[in-house]
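Enquirer: Once you've had a glance at the structure underneath, I'll fire off some questions.
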Amino acid sequence: MSGQVVELEVGAPAHGGHCVARLDGRVVFVRHALPGERVRAQVTGTGSRFWRADAVEVLEPSDDRVASVWPAAGPGGVGGGELAHASLDAQRRWKAQVLAEQLRRLAHDDRPVDVLGAPGDDERGGLAYRTRLDLVTDDEGRAGMFGWHSHEVHPLDTMPLAVEAIADLGLFDRTWPAQARIVAAAGADDQPVVLVDDDVWDLRRHCADRRPTARRAVREQVGRDIYRVAADGFWQAHRCAPGLLVDAVLAGAGDVDGAVVADLYAGAGLFTVPLAAAVGPTGEVVAVEGDTRAVRDARRNVHHLPQVSLLEADVRDSDFVHADVVVLDPPRAGARQVVVDAVAAGRPDRVVYVACDPAALARDIALFAAHGYVLDGLSAYDVFPMTHHVETVAVLVRA
């Protein structure tokens, strides 16, 4: 049945960038559609429980539909722009509805949810926000991205989500080594670093720069704090996301002057650095990170802060000292049972949980609830426009 074109009435959005439709009683998850639309959709996957499909023709459009700002991410195209056909306001309402549904279904928490746009995004039309770009090349050395759920490289002419400093590099106007990975990162000084298969790339000579002094890291600034982060290391991709999330985490942590704070999945130290200032000279921040490259960046960013103890360890295997406040920023899969149990065993007064996946967040909130923690506050930010992703900061307190 894959490849068949069917007519569908499109229902509510579902977690993962789809809308839910039904065909002869069967659930069909439809991409590139909007709630309330009637579409013709091509079936892209079948299973015993549900089918998947791409909307290829819109018969009755939603008022929220706009001309796609990135057609290359449309049906049959690359991943990473599955909501490029929706207005920004509709994208945020979509994400709020999905987040609220996950909280209601998995955490049994029924509350209104609002997803906030990042500063400047409305003026930019939700474009030109990514300070990190990860590309691949095909057999002919053309730069592009993988198709959605595919290993087929789609060459691109442009990537409208990239900040101007990266867009101006002309990454799609030249030929690269075949079957290579290209990483471009732009920091606060707008001097991008480009890596090709882990080699620093000299764009003027179009070859690898193998000098020991070749710059592999970019300079980032969040408020008054300066960070150095490897070009291919983890950092929030949206140009405003680090500042938004730092403000939300500090607000969620509350008054921690003189307190002990655990920063778990600390990465390059985005939260560790401002938390060190917040706890003051008599407090302590214990930062735990398991990725060696991220720890290397973190050491560079916290070496001058005597309040910080940086541990290179898998959070799942760590023995947690008592902390008054725990900050959690786990990967997309969430913290899960082992980490939640370990954190709760230390009986922190509050947990500030930063999440990029609504389902994982809701599941872990339910796990914390079993230990007597209640959801005291929730903030959500649209720092991935044109995609279904949303960043959320949840504050849990011990009842």
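Labels for the structure tokens follow display order: chains A, B, ..., residues from 1 in each chain, ligands from 1.
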Using only C-alpha atoms, I'd like a table of the residues in segment 128-225 of chain A that come within 12 Å of segment 297-302 of chain A; for each, show the closest atom pair and its distance in Å rounded to one decimal, ordered by chain and ascending number, as a tab-separated table.
Expert:
residue	atom	partner	partner_atom	distance
A:Arg216	CA	A:Asp297	CA	11.3
A:Ala217	CA	A:Asp297	CA	9.0
A:Val218	CA	A:Asp297	CA	10.7
A:Arg219	CA	A:Asn301	CA	10.6
A:Glu220	CA	A:Asn301	CA	10.5
A:Gln221	CA	A:Asn301	CA	11.3
A:Asp225	CA	A:Asn301	CA	9.2
Enquirer: May I ask for the distance between atom CA of Arg336 of chain A and atom CA of Gly290 of chain A, given in Å to one decimal place?
Expert: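 Answer for the atom CA of Arg336 of chain A to atom CA of Gly290 of chain A separation: 16.0 Å.
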Enquirer: Let's see if you can do this: from backbone DSSP, list all strand (DSSP E) residues in segment 32-266 of chain A, as a ChimeraX atom specification.
Expert: /A:38-45,50-60,115-117,132-137,143-146,153-155,181-185,193-196,199-202,207-208,217-222,225-230,260-264
Enquirer: Residues of the last selection are to be written out with C-alpha atoms, as a PDB file, in the first residue's frame.
Expert:
ATOM      1  CA  ARG A  38      -8.767  17.998   3.543  1.00  0.00           C
ATOM      2  CA  VAL A  39      -5.820  16.641   1.603  1.00  0.00           C
ATOM      3  CA  ARG A  40      -4.639  14.011  -0.798  1.00  0.00           C
ATOM      4  CA  ALA A  41      -1.798  12.171   0.897  1.00  0.00           C
ATOM      5  CA  GLN A  42       0.706   9.619  -0.342  1.00  0.00           C
ATOM      6  CA  VAL A  43       1.174   6.668   1.977  1.00  0.00           C
ATOM      7  CA  THR A  44       4.846   6.430   3.010  1.00  0.00           C
ATOM      8  CA  GLY A  45       4.650   3.610   5.547  1.00  0.00           C
ATOM      9  CA  PHE A  50      -1.048   2.826  11.930  1.00  0.00           C
ATOM     10  CA  TRP A  51       0.064   4.217   8.589  1.00  0.00           C
ATOM     11  CA  ARG A  52       2.177   7.249   7.720  1.00  0.00           C
ATOM     12  CA  ALA A  53       1.559   9.615   4.829  1.00  0.00           C
ATOM     13  CA  ASP A  54       2.682  12.921   3.292  1.00  0.00           C
ATOM     14  CA  ALA A  55       0.102  15.470   2.182  1.00  0.00           C
ATOM     15  CA  VAL A  56       0.866  16.064  -1.512  1.00  0.00           C
ATOM     16  CA  GLU A  57      -2.221  18.091  -2.488  1.00  0.00           C
ATOM     17  CA  VAL A  58      -4.330  20.385  -0.326  1.00  0.00           C
ATOM     18  CA  LEU A  59      -8.005  20.290  -1.278  1.00  0.00           C
ATOM     19  CA  GLU A  60      -9.341  22.493   1.515  1.00  0.00           C
ATOM     20  CA  VAL A 115       4.650  28.674  23.738  1.00  0.00           C
ATOM     21  CA  LEU A 116       6.618  31.924  23.524  1.00  0.00           C
ATOM     22  CA  GLY A 117       8.504  33.104  20.459  1.00  0.00           C
ATOM     23  CA  ARG A 132      24.823  25.595  13.998  1.00  0.00           C
ATOM     24  CA  LEU A 133      24.446  23.754  10.695  1.00  0.00           C
ATOM     25  CA  ASP A 134      25.110  20.055  10.075  1.00  0.00           C
ATOM     26  CA  LEU A 135      25.261  19.002   6.413  1.00  0.00           C
ATOM     27  CA  VAL A 136      26.286  15.978   4.373  1.00  0.00           C
ATOM     28  CA  THR A 137      27.568  15.676   0.809  1.00  0.00           C
ATOM     29  CA  ALA A 143      26.173  19.813   0.130  1.00  0.00           C
ATOM     30  CA  GLY A 144      22.738  18.990   1.432  1.00  0.00           C
ATOM     31  CA  MET A 145      20.780  17.086   4.052  1.00  0.00           C
ATOM     32  CA  PHE A 146      19.322  13.637   4.454  1.00  0.00           C
ATOM     33  CA  VAL A 153      21.318  12.950   0.438  1.00  0.00           C
ATOM     34  CA  HIS A 154      19.242  15.780  -1.015  1.00  0.00           C
ATOM     35  CA  PRO A 155      21.521  18.532  -2.410  1.00  0.00           C
ATOM     36  CA  ARG A 181      30.038  15.682   6.888  1.00  0.00           C
ATOM     37  CA  ILE A 182      30.150  19.476   7.020  1.00  0.00           C
ATOM     38  CA  VAL A 183      29.628  21.380  10.269  1.00  0.00           C
ATOM     39  CA  ALA A 184      29.371  25.170  10.359  1.00  0.00           C
ATOM     40  CA  ALA A 185      29.138  27.145  13.604  1.00  0.00           C
ATOM     41  CA  VAL A 193      34.187  27.806  11.877  1.00  0.00           C
ATOM     42  CA  VAL A 194      33.668  25.125   9.221  1.00  0.00           C
ATOM     43  CA  LEU A 195      34.690  21.501   9.763  1.00  0.00           C
ATOM     44  CA  VAL A 196      34.764  18.834   7.066  1.00  0.00           C
ATOM     45  CA  ASP A 199      39.175  18.851   9.684  1.00  0.00           C
ATOM     46  CA  VAL A 200      39.087  22.632  10.032  1.00  0.00           C
ATOM     47  CA  TRP A 201      38.342  23.944   6.535  1.00  0.00           C
ATOM     48  CA  ASP A 202      39.980  26.975   4.946  1.00  0.00           C
ATOM     49  CA  CYS A 207      41.154  22.721   1.653  1.00  0.00           C
ATOM     50  CA  ALA A 208      41.784  21.411   5.143  1.00  0.00           C
ATOM     51  CA  ALA A 217      35.958  26.566  18.679  1.00  0.00           C
ATOM     52  CA  VAL A 218      33.645  29.552  18.547  1.00  0.00           C
ATOM     53  CA  ARG A 219      33.165  32.275  21.114  1.00  0.00           C
ATOM     54  CA  GLU A 220      29.695  32.527  22.646  1.00  0.00           C
ATOM     55  CA  GLN A 221      28.308  35.221  24.910  1.00  0.00           C
ATOM     56  CA  VAL A 222      25.285  34.914  27.190  1.00  0.00           C
ATOM     57  CA  ASP A 225      29.426  35.396  30.444  1.00  0.00           C
ATOM     58  CA  ILE A 226      31.813  34.273  27.708  1.00  0.00           C
ATOM     59  CA  TYR A 227      32.051  30.648  26.575  1.00  0.00           C
ATOM     60  CA  ARG A 228      34.285  28.779  24.177  1.00  0.00           C
ATOM     61  CA  VAL A 229      32.536  25.846  22.517  1.00  0.00           C
ATOM     62  CA  ALA A 230      33.847  23.390  19.935  1.00  0.00           C
ATOM     63  CA  VAL A 260      24.491  23.472  46.717  1.00  0.00           C
ATOM     64  CA  VAL A 261      23.237  23.079  43.151  1.00  0.00           C
ATOM     65  CA  ALA A 262      23.724  20.006  40.960  1.00  0.00           C
ATOM     66  CA  ASP A 263      23.877  20.711  37.213  1.00  0.00           C
ATOM     67  CA  LEU A 264      23.296  17.344  35.541  1.00  0.00           C
TER      68      LEU A 264
END
Enquirer: Go through A:Arg142, A:Arg293, A:Arg239, A:His206 and flag the residue nearest Pro385 of chain A, using only C-alpha atoms for the distances.
Expert: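 For Pro385 of chain A, the nearest of the given residues is A:Arg239.
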Enquirer: Neighbouring residues of Val249 of chain A were defined as those with any atom within 9 Å, considering only C-alpha atoms; residues of the same chain fewer than 2 positions away were excluded. Please report them as a list in words.
Expert: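 Result of the neighbour search: Leu244, Leu245, Val246, Asp247, Ala251, Gly252, Ala253, Gly254, Phe271, Leu275, Val327, Val352, Tyr353, Val354, Val393, Ala394 and Val395 of chain A.
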Enquirer: Mind the document's chain letters and residue numbers, and return as a ChimeraX atom specification the residues of segment 128-245 of chain A that DSSP labels alpha helix (DSSP H).
Expert: /A:164-167,241-245
Enquirer: Show me, as a PyMOL selection string, the residues that have an atom within 7 Å of Thr272 of chain A when counting only C-alpha atoms, minus same-chain residues fewer than 6 positions from it.
Expert: chain A and resi 263+266+285+287
Enquirer: Pick the closest to Arg332 of chain A from A:Pro358, A:Pro160, A:Gly223, A:Pro192: which is it, counting only C-alpha atoms?
Expert: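 With only C-alpha atoms as the atom set, the closest residue is A:Pro358.
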Enquirer: Can you pull out the residues contacting segment 78-80 of chain A? Cut-off 6 Å, using only C-alpha atoms, and skip same-chain residues under 3 positions away; I want them as a ChimeraX atom specification.
Expert: /A:73,146-148,387
Enquirer: Have a look at A:Gly269, A:Arg363, A:Val397, A:Ala278 and name the one nearest to His108 of chain A; count only C-alpha atoms.
Expert: A:Arg363
Enquirer: Go through A:Tyr265, A:Trp94, A:Phe368, A:Phe172 and flag the residue nearest Leu311 of chain A, using only C-alpha atoms for the distances.
Expert: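 Using only C-alpha atoms, the shortest distance to Leu311 of chain A belongs to A:Tyr265.
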Enquirer: From the options A:Ala231, A:Ala323, A:Val288, A:Val66, which residue's atoms come nearest to Gly258 of chain A, counting only C-alpha atoms?
Expert: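 Closest to Gly258 of chain A, using only C-alpha atoms: A:Ala323.
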Enquirer: Could you check the closest approach to His85 of chain A for each of A:Asp168, A:Met386, A:Val279, A:Leu250 and tell me which residue wins, using only C-alpha atoms?
Expert: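 Nearest candidate to His85 of chain A out of A:Asp168, A:Met386, A:Val279, A:Leu250: A:Met386.
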Enquirer: Give me, as a PyMOL selection string, all polymer residues having an atom no more than 12 Å from His371 of chain A, counting only C-alpha atoms and skipping those fewer than 6 positions away in the same chain.
Expert: chain A and resi 337+340-348+364-365+396-399
Enquirer: So that I have them on file, write out the residues from the current selection with N, CA, C and O atoms, as a tab-separated table (two decimals), in the first residue's frame.
Expert:
chain	number	residue	atom	x	y	z
A	337	GLN	N	13.89	6.51	34.52
A	337	GLN	CA	13.64	6.05	35.88
A	337	GLN	C	14.88	6.09	36.77
A	337	GLN	O	14.83	6.57	37.91
A	340	VAL	N	15.84	9.74	37.63
A	340	VAL	CA	14.80	10.35	38.46
A	340	VAL	C	14.84	9.79	39.88
A	340	VAL	O	14.78	10.54	40.87
A	341	ASP	N	14.98	8.48	40.00
A	341	ASP	CA	15.03	7.86	41.34
A	341	ASP	C	16.24	8.38	42.12
A	341	ASP	O	16.14	8.66	43.33
A	342	ALA	N	17.39	8.50	41.45
A	342	ALA	CA	18.60	8.95	42.13
A	342	ALA	C	18.49	10.41	42.57
A	342	ALA	O	18.89	10.78	43.68
A	343	VAL	N	17.93	11.24	41.69
A	343	VAL	CA	17.76	12.66	42.06
A	343	VAL	C	16.80	12.79	43.23
A	343	VAL	O	17.06	13.49	44.21
A	344	ALA	N	15.66	12.10	43.14
A	344	ALA	CA	14.66	12.21	44.20
A	344	ALA	C	15.17	11.68	45.53
A	344	ALA	O	14.79	12.17	46.60
A	345	ALA	N	16.06	10.68	45.48
A	345	ALA	CA	16.61	10.12	46.72
A	345	ALA	C	17.40	11.15	47.50
A	345	ALA	O	17.51	11.08	48.73
A	346	GLY	N	17.97	12.14	46.80
A	346	GLY	CA	18.70	13.20	47.47
A	346	GLY	C	17.82	14.27	48.07
A	346	GLY	O	18.31	15.18	48.75
A	347	ARG	N	16.50	14.21	47.80
A	347	ARG	CA	15.51	15.12	48.37
A	347	ARG	C	15.86	16.59	48.17
A	347	ARG	O	15.85	17.38	49.13
A	348	PRO	N	16.17	17.01	46.93
A	348	PRO	CA	16.37	18.44	46.71
A	348	PRO	C	15.06	19.19	46.90
A	348	PRO	O	13.96	18.62	46.74
A	364	ASP	N	8.74	11.88	32.67
A	364	ASP	CA	9.61	12.06	33.83
A	364	ASP	C	8.93	12.87	34.93
A	364	ASP	O	9.19	12.66	36.13
A	365	ILE	N	8.04	13.79	34.56
A	365	ILE	CA	7.26	14.50	35.58
A	365	ILE	C	6.41	13.51	36.37
A	365	ILE	O	6.29	13.60	37.60
A	396	LEU	N	9.89	21.65	39.41
A	396	LEU	CA	9.23	20.69	40.29
A	396	LEU	C	9.67	20.96	41.73
A	396	LEU	O	10.86	21.20	41.99
A	397	VAL	N	8.73	20.95	42.65
A	397	VAL	CA	9.05	21.21	44.05
A	397	VAL	C	8.56	20.03	44.90
A	397	VAL	O	7.60	19.33	44.55
A	398	ARG	N	9.27	19.83	46.01
A	398	ARG	CA	8.91	18.73	46.92
A	398	ARG	C	7.71	19.14	47.74
A	398	ARG	O	7.71	20.16	48.43
A	399	ALA	N	6.66	18.33	47.65
A	399	ALA	CA	5.42	18.66	48.36
A	399	ALA	C	5.57	18.47	49.86
A	399	ALA	O	6.36	17.64	50.31
Enquirer: Using only C-alpha atoms, which residues sit within 10 Å of Ala333 of chain A once same-chain residues fewer than 5 positions away are excluded, as JSON, numbers by chain?
Expert: {"A": [355, 356, 357, 359, 360, 361]}
